[in-house]
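K.L.:
A single structure is presented below for examination.
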Amino acid sequence: MATVRRAPMQLPIRIRLSISYFVIFSVAGVLLCCAAYFMAQRSLYIALDHDLDEHVDDVHDFFAAHNLANDIDRARVESAAEFELKDDGKWLQIADEQGRWIYRARRMLIAPHDMPPASTLPPKGSFIEFGAGAKKVRALRRAFKLDDHTLVVETGSTLTKTDQTLLDFRNGLLLIVPAVFLMAGFAGHVMSRSALTPVAAIAREAQRIHEGNLKNARLPQLKTRDELAHLSATLNEMLERIESGVRSVRDFTAYASHELRTPVAMIRTEADLALQQPRTNLEYREAIEVIGAEAQSMSALLDGLLFLARADAGAEQVQLEPVDARRLCAQTCEKCRRIFQRRGIDFSARLSPGRVMVMADAPHLQRLLNIVLENAAKYTPAGGRVELTLESAFDSARFEVSDTGIGIPLMDRPHIFERFRRAANARDAHVNGSGLGLALAAWIAAHHHTQIEVVSDVGAGSSFSWHLPLVSPPSLPAETAPAQEELLLTRFRS
Ligand SMILES: Nc1ncnc2c1ncn2[C@@H]1O[C@H](COP(=O)(O)OP(=O)(O)O)[C@@H](O)[C@H]1O
Ligand SMILES: [Mg+2]
């Protein structure tokens, strides 16, 4: 068996798939961790900012409840009493519109900074962050109006707790990431393995298939109902087609050699007999005649075989063009006339009047007519009748060759167009033949987009007919037609 040279392999698909899965899972995992971290950070800051906003509201409510906006001295005293001991007053400072302090927590003095004028602050306030010793503070500055006075409030909260929570969360995520990588690697390996195990099984089986075991060897039938199952089913169908192709080539060779052996043996025997001892001229003539007849049937057989071989190889061309079917039939009848006469068969032709232009390949159509007429001549005993009819109907021409011959048994009828197939009664009648003629005829008909129909009755006769599309309606004037038709009818009667 010839060994196939393979190109140097890339990384196996299994490894490439594993790597791809690993990369995809890892990237997805890392992106998920990052997204979780940023969402947590955002939520914590939103909650913190909300608290700060509420602190400013509380200051507003306190000033409003105690009517402190008009009296700065009372406001200073009451604010100190209210906020000094409160936790949310630790990072609080309040000033009036002139920038005078109303309340300033002592802690604020670690990182003292002035308040901006109320007019520069947006209505919802603005957030700032500043360092106070080792701590980071996030603060909201907001102004509000009360009794025609504008107060600016800054309230803050350390970020220690928030930052610690985020740090813990980040550390947790950093612990998860290696686990994500491990899981991605494992999942990639498992998924690529399970996806490709059937492929390996198919490849293993496919490697075992060769010309010798083609008949029984098939790929495993997968039950997965997925693309791989479809692939193996498709490959099995292809194997079946290849097997039938190989079988038909084998049969073809076997039949062809068998069919050729008989005439070759006849020629050899006849020549040997003739040469064994001196013969009269007449005896030599008879021997040469037998040899000539066998050579002729051999050459017809070879001709058929070559035609089919060319047709199988796609080398046989069919070119459809307008052909005068009436002329072609008339010429064919002229050529066949002698054969029918010699065999004592009454041959007539009934050809439609005028030109009958059909789309056909003239040499192939001629060959098809010859095959069918030759069969009619072969399978019709002396005294019988054969008729060729060409009639044009609405948009097609109908060809028919009918005879009063031996007919074709019902069980053989479906097979007569197969190569080397001959009906039992044809063999029994010792009529020479190879069984290739109708196979050629069927090929020609198929390439003219038509089909040969057979009607037959054993002992009564057969008729072979087919249609071809007309190019244009018959062009000869109708009154000239009967005369021509009559002419043809009489000419071929024996
Ligand atoms: N006109 C006919 N009358 C009876 N049998 C026919 C006729 N034409 C074809 N057959 C049958 O079809 C078979 C196949 O025909 P064909 O392919 O031309 O092979 P063959 O070389 O035997 O003529 C013949 O062997 C014969 O049994
Ligand atoms: Mg034949």
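Chain labels run A, B, ... following the order of the structure tokens; each chain numbers its residues from 1, and ligands are numbered from 1 in the order shown.
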With DSSP run on the backbone, what are the helix (DSSP H, G or I) residues within stretch 83-323 of chain A? I'd like them as a VMD selection string.
P.N.:
chain A and resid 83 87 to 89 106 to 110 118 to 120 160 to 208 211 to 213 227 to 276 281 to 312
K.L.:
Which residues are near ligand 1 in this structure, taking near to mean any atom at most 8 Å from a ligand atom and counting only C-alpha atoms and all ligand atoms? Format them as a PyMOL selection string.
P.N.:
chain A and resi 371-380+402-403+405-408+412-413+416-427+431-440+456+461-464
K.L.:
Would you mind listing what lies within 8 Å of stretch 236-243 of chain A as a ChimeraX atom specification, with only C-alpha atoms counted and same-chain residues fewer than 4 positions away left out?
P.N.:
/A:214-215,218-219,232,247
K.L.:
Store the residues picked out above in a file with N, CA and C atoms, as an mmCIF file, in the first residue's frame.
P.N.:
```cif
data_model
loop_
_atom_site.group_PDB
_atom_site.id
_atom_site.type_symbol
_atom_site.label_atom_id
_atom_site.label_comp_id
_atom_site.auth_asym_id
_atom_site.auth_seq_id
_atom_site.Cartn_x
_atom_site.Cartn_y
_atom_site.Cartn_z
ATOM 1 N N LEU A 214 -13.322 -2.538 1.642
ATOM 2 C CA LEU A 214 -14.267 -1.443 1.421
ATOM 3 C C LEU A 214 -15.719 -1.892 1.599
ATOM 4 N N LYS A 215 -15.952 -3.178 1.339
ATOM 5 C CA LYS A 215 -17.331 -3.663 1.338
ATOM 6 C C LYS A 215 -17.961 -3.587 2.730
ATOM 7 N N ARG A 218 -17.045 0.422 7.688
ATOM 8 C CA ARG A 218 -17.780 1.687 7.810
ATOM 9 C C ARG A 218 -17.304 2.405 9.070
ATOM 10 N N LEU A 219 -17.490 3.716 9.095
ATOM 11 C CA LEU A 219 -17.051 4.500 10.246
ATOM 12 C C LEU A 219 -18.052 4.338 11.395
ATOM 13 N N SER A 232 -19.784 11.676 10.236
ATOM 14 C CA SER A 232 -19.497 10.244 10.048
ATOM 15 C C SER A 232 -20.571 9.606 9.161
ATOM 16 N N ARG A 247 -17.048 -1.302 -7.377
ATOM 17 C CA ARG A 247 -17.689 -2.555 -7.794
ATOM 18 C C ARG A 247 -18.041 -2.501 -9.270
#
```
K.L.:
Got a sec: who's within 9 Å of stretch 106-109 of chain A, counting only C-alpha atoms, leaving out chain neighbours fewer than 5 positions off, as a ChimeraX atom specification?
P.N.:
/A:84,90-93,132
K.L.:
Residues as selected, C-alpha atoms, written as a PDB file, in the first residue's frame, can you do that?
P.N.:
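Saved result, selection_8.pdb, follows:
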```
ATOM      1  CA  GLU A  84     -18.909  68.400  69.694  1.00  0.00           C
ATOM      2  CA  LYS A  90     -15.890  65.087  64.003  1.00  0.00           C
ATOM      3  CA  TRP A  91     -15.221  66.156  60.442  1.00  0.00           C
ATOM      4  CA  LEU A  92     -17.662  69.038  60.295  1.00  0.00           C
ATOM      5  CA  GLN A  93     -17.230  72.766  59.695  1.00  0.00           C
ATOM      6  CA  ALA A 132      -5.509  64.358  57.811  1.00  0.00           C
TER       7      ALA A 132
END
```
K.L.:
Which of these, A:Arg261, A:Gly131, A:Thr404, A:Ser297, has the shortest distance to ligand 2 once you count only C-alpha atoms and all ligand atoms?
P.N.:
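Under the stated criterion, the closest residue is A:Ser297.
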K.L.:
Of the residues A:Ala311, A:Leu301, A:Val137, A:Ala47, which is the one nearest to ligand 2, using only C-alpha atoms and all ligand atoms?
P.N.:
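Nearest candidate to ligand 2 out of A:Ala311, A:Leu301, A:Val137, A:Ala47: A:Leu301.
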K.L.:
If we count only C-alpha atoms, what is near A:Leu351 at a cut-off of 7 Å, once residues fewer than 6 positions away on the same chain are taken out, given as JSON, numbers by chain?
P.N.:
{"A": [326, 389, 390, 391, 485]}
K.L.:
Leaving out stretch 112-121 of chain A and any residue of its chain fewer than 4 positions from it, which residues lie within 12 Å of it when counting only C-alpha atoms, given as an NGL selection string?
P.N.:
:A and (91-108 or 125-133 or 139-145 or 149-155)
